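Engineer: Sharing a structure below in structure tokens format, with a few things to ask.
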Amino acid sequence: MINYISAPFKWFFKLEAASGLILLISAIIALIVSNSSLSELYFDTLNKYLFIGVNNFGLKLSVLHWINDALMAIFFFFVTLEIKREFLQGELSSKKQAILPIVGAVGGMLVPALIYIIINFNTPNTLNGWAIPSATDIAFSIGILSLLGSRVPLSLKVFLTALAIIDDLGAIVIIAFFYSGDLSIKYLALMLLSFILLLALNKYSIKKFIPYLLIGLFLWFFTYKSGIHATIAGVLLAACIPHRKKDHDFSLLVKIEHAISPYVAFFIMPLFAFANAGVSLTGLSFSSLLMPVPLGILLGLFIGKQFGVFVFSYASIKFGFADMPNKSNLLSFYAVGVLTGIGFTMSLFVGNLAFANDMQYIDGVKIGVLSGSLLSTLFGYLLLLISTKK
């Protein structure tokens, strides 16, 4: 029975560990290419415009925007499927199970944002990046945790996964409310109509994905045109995919989640990392890290995340609202908090949105995210190594 219940988690962790390694390799390749003789080709290719559509109906976007707006909509679709499943039938489906990661995630979002705001308070142009260090990269963090295999209790892996999923939910809310542009009433109405049609499909328990997909494509187009970030279309589509506890034999949500997870893990996320991690290191010095944007992100990820997650989580345990994860000790629990400072994918994504109109800060975002994530990785792994030593 225990093996049956834990099997999905083991499958997930195995997938995330491999995905985290591929992400790391993609980021390293991006850094190498962007600082080599191929750098001009790298940046020119990302800035090249491509038209996708028929006649006058379509979009002309740069390669980078197709990756960040279209492919990442699929990523957010997948993430929302995970969130929905966890709240309906997973680790977040009961109050007792959900409190610890929810409280930890709240602390892990508030404290890094506060640190960034304090550091950037005197530079109003950079304050818009306050949400960048609030995100956790689920693939990287779980990947590092999985390197130690069975030495790390399953309960800690479940806690980190649930916390990262809630983190992603927080990022989705932030993107929807704080990083959307000027709104178009016409396209908002078309977007709403598409969403109502999807709700109708869910209401009548349509178990074929094609109708959802066709309406979802129009929803993405209308969302992009509406001024709300296009990735939110993936969130709305996933929210309408049916998953009911009574459907023991078949769940469209679970079927889709399993079908697209390898493509998200081994194609979309590595491609995003390759396209967004490239930054010229020419002229980079220690003083570059002391600029408000990279310093705020670095300290937010490395100091803010571990402090916020650990203090908020530990307080909920001390006050009796939640329980310490099984078979874990205080040091290993703290180490997991350190690993939440691996922002990478989500932090880079939010950074691109925050400074879409101020591209001069993008290199600072990349430097801050990469350095903060690296420090969190090394320190978190070292603490786990010590705390789980046999």
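In the structure tokens, the first chain shown is A, the next is B, and so on; residue numbers restart at 1 for each chain, and ligands run from 1 in the order shown.
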Would you list, as a list in words, the residues of segment 28-264 of chain A that end up in strand (DSSP E or B) under DSSP run on this structure's backbone?

Structural biologist: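 Of segment 28-264 of chain A, only Tyr49, Leu50, Phe51, Ile52, Gly53, Val54, Phe57, Gly58, Leu59, Lys60, Leu61 and Ser62 of chain A fall in strand (DSSP E or B).
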
Engineer: Which residues in segment 109-261 of chain A does DSSP call helix (DSSP H, G or I)? List them as a PyMOL selection string.

Structural biologist: chain A and resi 109-120+124-129+132-134+138-146+149-151+154-178+185-203+209-226+231-239+252-261

Engineer: Do a neighbour search on segment 119-131 of chain A at 6 Å with only C-alpha atoms, toss out local chain neighbours closer than 4 positions, and write the hits as a ChimeraX atom specification.

Structural biologist: /A:113,292,296,354

Engineer: For the residues in the current selection, export C-alpha atoms as a CSV table (one decimal), in the first residue's frame.

Structural biologist:
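Generated file (again-v2.csv):
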chain,number,residue,atom,x,y,z
A,113,ALA,CA,10.5,41.0,-1.8
A,292,PRO,CA,20.8,47.6,-6.7
A,296,GLY,CA,18.6,42.9,-4.3
A,354,ALA,CA,9.4,43.4,-14.7

Engineer: I need the residue nearest Leu348 of chain A from this list: A:Gln89, A:Ser373, A:Thr223, A:Ser251. Use only C-alpha atoms for the distance.

Structural biologist: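 Of A:Gln89, A:Ser373, A:Thr223, A:Ser251, the one nearest Leu348 of chain A is A:Ser373, counting only C-alpha atoms.
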
Engineer: Give the answer as one residue: which of A:Ile241, A:Val369, A:Met291, A:Leu41 has the shortest atom-to-atom distance to Lys208 of chain A, using only C-alpha atoms?

Structural biologist: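 Going through A:Ile241, A:Val369, A:Met291, A:Leu41 one by one, the smallest distance to Lys208 of chain A is for A:Ile241.
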